[in-house]
Structure formats: C-alpha cells, structure tokens
file model24.cif (mmCIF, C-alpha atoms)
data_work
#
loop_
_atom_site.label_atom_id
_atom_site.label_comp_id
_atom_site.auth_asym_id
_atom_site.auth_seq_id
_atom_site.Cartn_x
_atom_site.Cartn_y
_atom_site.Cartn_z
CA MET A 244 0.00 0.00 0.00
CA THR A 245 1.41 3.38 -0.98
CA ALA A 246 0.65 6.97 -0.08
CA GLU A 247 2.31 10.30 -0.66
CA PRO A 248 5.65 9.98 1.22
CA MET A 249 6.16 13.70 1.83
CA ALA A 250 2.68 14.11 3.31
CA ILE A 251 3.35 11.25 5.72
CA GLU A 252 6.71 12.70 6.66
CA ARG A 253 5.15 16.11 7.34
CA ALA A 254 2.58 14.49 9.61
CA LEU A 255 5.19 12.47 11.46
CA THR A 256 7.31 15.57 12.15
CA LEU A 257 4.56 16.65 14.57
CA GLY A 258 5.91 14.13 17.04
CA SER A 259 6.26 10.45 17.77
CA ASN A 260 3.27 9.88 20.06
CA HIS A 261 0.55 9.06 17.58
CA VAL A 262 -1.25 6.10 16.05
CA VAL A 263 -1.04 5.36 12.32
CA GLY A 264 -3.83 3.32 10.71
CA ARG A 265 -4.34 2.18 7.12
CA TYR A 266 -7.47 2.31 4.99
CA ARG A 267 -8.73 1.26 1.58
CA TYR A 268 -11.88 2.58 -0.09
CA GLU A 269 -13.43 0.81 -3.10
CA ILE A 270 -15.19 3.49 -5.11
CA ALA A 271 -17.62 1.34 -7.10
CA THR A 272 -18.94 -0.56 -4.07
CA GLN A 273 -18.28 2.24 -1.54
CA ARG A 274 -16.76 -0.39 0.74
CA TRP A 275 -14.08 0.55 3.26
CA TRP A 276 -11.38 -1.56 4.83
CA TRP A 277 -9.76 -0.36 8.07
CA SER A 278 -6.71 -1.69 9.88
CA ASP A 279 -7.04 -2.33 13.62
CA GLU A 280 -5.31 1.01 14.30
CA THR A 281 -7.90 2.90 12.23
CA PHE A 282 -10.71 1.39 14.31
CA GLN A 283 -8.79 2.49 17.42
CA ILE A 284 -8.36 6.04 16.12
CA HIS A 285 -12.13 6.30 15.65
CA GLY A 286 -12.83 4.95 19.16
CA PHE A 287 -13.91 1.44 18.15
CA GLU A 288 -12.63 -2.03 18.86
CA PRO A 289 -11.35 -3.78 15.69
CA GLY A 290 -14.34 -5.12 13.75
CA GLU A 291 -16.86 -3.51 16.12
CA VAL A 292 -18.57 -1.67 13.25
CA VAL A 293 -18.64 -1.92 9.47
CA PRO A 294 -16.92 1.21 8.13
CA THR A 295 -18.91 3.08 5.50
CA THR A 296 -18.63 6.48 3.85
CA THR A 297 -21.59 7.64 5.93
CA LEU A 298 -19.85 6.50 9.13
CA VAL A 299 -16.55 8.08 8.09
CA LEU A 300 -18.16 11.46 7.39
CA ALA A 301 -20.42 11.28 10.46
CA HIS A 302 -17.35 11.24 12.69
CA LYS A 303 -15.83 14.32 11.06
CA HIS A 304 -16.11 17.53 13.04
CA PRO A 305 -19.14 19.47 11.74
CA GLU A 306 -16.93 22.40 10.76
CA ASP A 307 -14.60 20.14 8.75
CA ARG A 308 -17.06 17.63 7.27
CA THR A 309 -17.83 19.42 4.00
CA ARG A 310 -14.16 20.09 3.27
CA VAL A 311 -13.17 16.45 3.89
CA SER A 312 -16.05 15.22 1.72
CA GLN A 313 -14.83 17.42 -1.12
CA VAL A 314 -11.25 16.17 -0.72
CA LEU A 315 -12.41 12.53 -0.99
CA ALA A 316 -14.72 13.26 -3.92
CA ASN A 317 -11.95 15.03 -5.81
CA ALA A 318 -9.47 12.22 -5.13
CA ALA A 319 -11.98 9.65 -6.39
CA VAL A 320 -12.07 11.48 -9.72
CA THR A 321 -8.43 12.48 -10.18
CA GLY A 322 -6.61 9.75 -8.26
CA GLU A 323 -3.98 12.34 -7.35
CA PRO A 324 -2.15 12.08 -3.99
CA PHE A 325 -3.92 14.09 -1.30
CA SER A 326 -3.62 15.05 2.34
CA SER A 327 -5.95 16.68 4.82
CA VAL A 328 -5.71 17.76 8.45
CA HIS A 329 -9.07 17.79 10.19
CA ARG A 330 -10.88 17.00 13.40
CA ILE A 331 -13.13 14.05 14.22
CA MET A 332 -15.39 13.16 17.13
CA ASP A 333 -14.59 9.56 18.00
CA ALA A 334 -17.10 6.97 19.21
CA ARG A 335 -16.47 8.05 22.82
CA GLY A 336 -17.20 11.70 22.10
CA ARG A 337 -13.57 12.82 22.19
CA GLU A 338 -12.31 15.37 19.69
CA ARG A 339 -9.22 14.19 17.84
CA THR A 340 -7.07 15.72 15.12
CA LEU A 341 -6.11 13.52 12.18
CA THR A 342 -3.86 13.85 9.20
CA VAL A 343 -5.20 11.76 6.32
CA VAL A 344 -3.00 10.99 3.34
CA GLY A 345 -3.72 8.84 0.34
CA GLN A 346 -3.88 8.41 -3.41
CA GLY A 347 -5.99 6.69 -6.02
CA ARG A 348 -5.40 3.39 -7.73
CA ARG A 349 -6.58 2.85 -11.31
CA ASP A 350 -8.13 -0.20 -12.85
CA PRO A 351 -5.54 -1.61 -15.28
CA ASN A 352 -8.23 -2.22 -17.91
CA THR A 353 -10.48 0.85 -17.70
CA LYS A 354 -7.78 3.22 -16.39
CA GLN A 355 -10.47 4.68 -14.11
CA VAL A 356 -9.76 5.37 -10.43
CA CYS A 357 -11.13 2.31 -8.65
CA GLU A 358 -10.00 2.79 -5.05
CA LEU A 359 -8.33 5.14 -2.61
CA VAL A 360 -5.62 3.88 -0.26
CA GLY A 361 -3.65 5.59 2.45
CA TYR A 362 -3.26 6.33 6.13
CA PHE A 363 -5.07 7.93 9.05
CA ILE A 364 -2.53 9.49 11.42
CA ASP A 365 -3.73 10.58 14.86
CA VAL A 366 -1.77 13.74 15.68
CA THR A 367 -3.99 14.89 18.56
CA SER A 368 -1.32 14.83 21.25
CA ALA A 369 1.19 16.61 19.04
CA VAL A 370 -1.30 19.34 18.13
CA LYS A 371 -2.16 19.85 21.81
CA ALA A 372 1.53 20.06 22.67
CA ARG A 373 2.09 22.65 19.95
CA ALA A 374 -0.94 24.62 21.14
CA GLY A 375 0.41 24.53 24.70
CA GLU A 376 3.79 25.77 23.54
CA ALA A 377 2.14 28.60 21.60
CA ALA A 378 0.03 29.58 24.61
CA ASN A 379 3.07 29.61 26.87
CA ALA A 380 4.98 31.72 24.36
CA SER A 381 2.08 34.19 24.23
CA ILE A 382 2.01 34.41 28.02
CA ARG A 383 5.75 35.00 28.15
CA ALA A 384 5.50 37.65 25.44
CA ALA A 385 2.65 39.35 27.28
CA ALA A 386 4.67 39.37 30.50
CA VAL A 387 7.65 40.90 28.71
CA THR A 388 5.38 43.60 27.26
CA ARG A 389 3.54 44.24 30.51
CA ALA A 390 6.63 44.67 32.70
CA PRO A 391 7.76 48.07 31.30
CA ILE A 392 4.15 49.30 31.32
CA GLU A 393 3.80 48.52 35.01
CA GLN A 394 7.19 50.14 35.70
CA ALA A 395 6.23 53.26 33.76
CA LYS A 396 2.89 53.52 35.58
CA GLY A 397 4.72 53.49 38.90
CA ILE A 398 7.22 56.10 37.74
CA ILE A 399 4.49 58.42 36.40
CA ALA A 400 2.32 57.98 39.48
CA PHE A 401 5.23 58.79 41.79
CA ALA A 402 6.54 61.75 39.77
CA MET A 403 3.15 63.37 39.17
CA GLY A 404 1.43 62.44 42.43
CA ILE A 405 -1.43 60.57 40.74
CA ASP A 406 -2.85 57.06 40.98
CA ALA A 407 -1.90 54.13 38.73
CA GLU A 408 -5.08 54.34 36.66
CA SER A 409 -4.47 58.02 35.86
CA ALA A 410 -0.84 57.21 35.06
CA PHE A 411 -1.95 54.60 32.53
CA GLU A 412 -4.33 57.13 30.93
CA HIS A 413 -1.30 59.39 30.33
CA LEU A 414 0.48 56.46 28.64
CA ARG A 415 -2.52 55.57 26.49
CA THR A 416 -3.17 59.16 25.41
CA THR A 417 0.50 59.64 24.50
CA SER A 418 0.32 56.42 22.46
CA ASN A 419 -2.72 57.72 20.54
CA VAL A 420 -1.26 61.18 19.94
CA THR A 421 2.18 60.01 18.84
CA ASN A 422 1.03 56.78 17.12
CA VAL A 423 3.57 54.85 19.19
CA ALA A 424 2.63 51.59 20.93
CA VAL A 425 1.90 51.91 24.65
CA ARG A 426 4.72 49.49 25.50
CA ASP A 427 7.21 51.66 23.57
CA VAL A 428 6.02 54.84 25.29
CA ALA A 429 6.42 53.00 28.60
CA ARG A 430 9.97 51.99 27.67
CA GLN A 431 10.77 55.64 26.90
CA VAL A 432 9.53 56.66 30.34
CA VAL A 433 11.53 53.91 32.05
CA GLU A 434 14.66 54.80 30.08
CA MET A 435 14.20 58.48 30.86
CA ALA A 436 13.82 57.70 34.55
CA THR A 437 17.03 55.65 34.64
CA THR A 438 19.11 58.30 32.87
CA ASN A 439 17.63 61.45 34.42
CA SER A 440 16.13 62.52 37.70
CA CYS A 441 12.62 61.14 38.06
CA SER A 442 10.94 64.54 38.31
CA ALA A 443 7.51 65.61 37.19
CA ALA A 444 9.07 67.90 34.59
CA ASN A 445 11.02 65.07 32.98
CA VAL A 446 8.00 62.77 32.95
CA ILE A 447 5.68 65.42 31.53
CA ALA A 448 8.21 66.10 28.78
CA VAL A 449 7.49 62.72 27.18
CA LEU A 450 3.80 62.49 27.96
CA ALA A 451 0.69 63.99 26.42
CA PRO A 452 -2.07 65.07 28.80
CA PRO A 453 -4.90 62.56 29.07
CA ALA A 454 -8.00 63.16 27.00
CA PRO A 455 -10.72 64.93 28.98
CA SER A 456 -13.54 62.70 30.17
CA THR A 457 -16.92 63.11 28.50
CA THR A 458 -19.83 63.72 30.82
CA ARG A 459 -23.01 61.96 29.77
#
call {"tool": "encode", "arguments": {"input": "model24.cif", "output": "structure tokens"}}
result
Amino acid sequence: MTAEPMAIERALTLGSNHVVGRYRYEIATQRWWWSDETFQIHGFEPGEVVPTTTLVLAHKHPEDRTRVSQVLANAAVTGEPFSSVHRIMDARGRERTLTVVGQGRRDPNTKQVCELVGYFIDVTSAVKARAGEAANASIRAAAVTRAPIEQAKGIIAFAMGIDAESAFEHLRTTSNVTNVAVRDVARQVVEMATTNSCSAANVIAVLAPPAPSTTR
C-alpha cells in the first residue's frame, strides 16, 4: 500500500506519540477496509462496526465535514495524492485531530480510479503540545510587554502624584497622539527615569495630557 511519502513525513514531524492506521476505499462498491489502528483512532474495537462512507463522514467535526467530503470526492475522480488535516469526534465523544494521506489506484483495464488507499494518522497529542507551547509563548511575550508598562505607571504615578489608573491614561493618550505603541512609550519613560532625575518635569516632557472625560 502506498501513499504520498512527503505528506506522511510532514505528519510524522509533529511528534512520535501518535497512532497510524491504514485504509482502503473501493469506489464502485463504496466499501471501506480499516486496519485495527484505524478502528482504534475512531474509538472502536477492531471489527466492532462496518466502516462506511456515511460512518466516516459522520465522525468528522461538523466544521470540517464538507471540506473532507470534497477532498475525498476530488481524489476519487483524479486519483492524485492528497492530504488533509481535520478533526473528528470519536465513538467516545472525544475530539481528535487527524492527518489523512492517500492516493488513487486505477483499474488496469479501464484506467479509471477504482480505489483510494492511504493512512489515518492521529496527531492529537502533538497538536495539543504545539498549542500549549504557543500559549506559553504568548504568556511569556505578554509578561515581557507588561513589565515596562507597570514600571512606567509606577514612575508616572510617583513623579506626578497621581494614581496608577491616571498614570496609565497618560500612557494611552500619549500612544494615541504620537502613534507609538503603549509598550514603547512606557519603555521611553523607564529609560528616561534611569538616565535622568525622576521629576515631574522630565516625565511630563514625554507624555501627552490625558484626554478629557466626557460627561453623559
């Protein structure tokens, strides 16, 4: 059984903790064959159900079902190698992420595509790990951005004798007036405070006055 090697390699680069199952789909009869691993991926014991196109599509995530159906329909016509990353809901109600790769086989007599063969690769754990890494990176980036803002608020509040909320309003207004990101304005304030005396005059020199509040 063959499938597009590069597509499989791309899927496997997501990590080593996943299950790989094989499948074969006979187009004329619409009969599917699944390996034991493919049953497992879909939350079934081997041979517990008879795989059908209806069953295959029913387990696809509702948001991905139409796209996967189109991929299979196109492959059945062209026989070209294909790959798809999509979500399924397995028989136990768990959401899983699969990479599916495959290609068509042609009847030697008619030259028509007669079946699709390939692999289901469960990459759920790898996708979750990547998502966790991305979330942690976002948190770290937010912390790095927030630190100078908090420092600047303290400097402004101390120098101008105002509270932290009013200090932040000065930062935000300066950002809007100068079209400079709040974090960069904050860094300017922190840098100014470390190179000059932290006086009200020095702070005011880099800040715009806050916008007046509107009374409703």
call {"tool": "atom_distance", "arguments": {"input": "model24.cif", "atom1": "CA of Gln346 in chain A", "atom2": "CA of Phe287 in chain A"}}
result
24.8 Å
call {"tool": "atom_distance", "arguments": {"input": "model24.cif", "atom1": "CA of Asp307 in chain A", "atom2": "CA of Ile284 in chain A"}}
result
17.1 Å
call {"tool": "resolve_selection", "arguments": {"input": "model24.cif", "expression": "the PyMOL selection byres ((chain A and resi 359) around 9)", "output": "mmCIF file with C-alpha atoms, keeping the file's coordinate frame"}}
result
data_model
loop_
_atom_site.group_PDB
_atom_site.id
_atom_site.type_symbol
_atom_site.label_atom_id
_atom_site.label_comp_id
_atom_site.auth_asym_id
_atom_site.auth_seq_id
_atom_site.Cartn_x
_atom_site.Cartn_y
_atom_site.Cartn_z
ATOM 1 C CA TYR A 266 -7.470 2.310 4.990
ATOM 2 C CA ARG A 267 -8.730 1.260 1.580
ATOM 3 C CA TYR A 268 -11.880 2.580 -0.090
ATOM 4 C CA GLU A 269 -13.430 0.810 -3.100
ATOM 5 C CA ILE A 270 -15.190 3.490 -5.110
ATOM 6 C CA LEU A 315 -12.410 12.530 -0.990
ATOM 7 C CA ALA A 318 -9.470 12.220 -5.130
ATOM 8 C CA ALA A 319 -11.980 9.650 -6.390
ATOM 9 C CA GLY A 322 -6.610 9.750 -8.260
ATOM 10 C CA GLY A 345 -3.720 8.840 0.340
ATOM 11 C CA GLN A 346 -3.880 8.410 -3.410
ATOM 12 C CA GLY A 347 -5.990 6.690 -6.020
ATOM 13 C CA ARG A 348 -5.400 3.390 -7.730
ATOM 14 C CA VAL A 356 -9.760 5.370 -10.430
ATOM 15 C CA CYS A 357 -11.130 2.310 -8.650
ATOM 16 C CA GLU A 358 -10.000 2.790 -5.050
ATOM 17 C CA VAL A 360 -5.620 3.880 -0.260
ATOM 18 C CA GLY A 361 -3.650 5.590 2.450
#
call {"tool": "resolve_selection", "arguments": {"input": "model24.cif", "expression": "the PyMOL selection byres ((chain A and resi 333) around 12)", "output": "ChimeraX atom specification"}}
result
/A:281-288,298-304,330-332,334-341,365,367
call {"tool": "closest_residue", "arguments": {"input": "model24.cif", "among": "A:Asn419, A:Phe363, A:Thr296, A:Ser368", "to": "Ser278 in chain A", "atoms": "only C-alpha atoms"}}
result
A:Phe363
call {"tool": "resolve_selection", "arguments": {"input": "model24.cif", "expression": "the PyMOL selection byres ((chain A and resi 392-394) around 8)", "output": "list of chain:residue names"}}
result
A:Thr388, A:Arg389, A:Ala390, A:Pro391, A:Ala395, A:Lys396, A:Gly397, A:Ile398, A:Val425, A:Arg426, A:Ala429, A:Arg430, A:Val433
call {"tool": "closest_residue", "arguments": {"input": "model24.cif", "among": "A:Val344, A:Ser418, A:Ile405, A:Glu306", "to": "Glu323 in chain A", "atoms": "all atoms listed in the file"}}
result
A:Val344
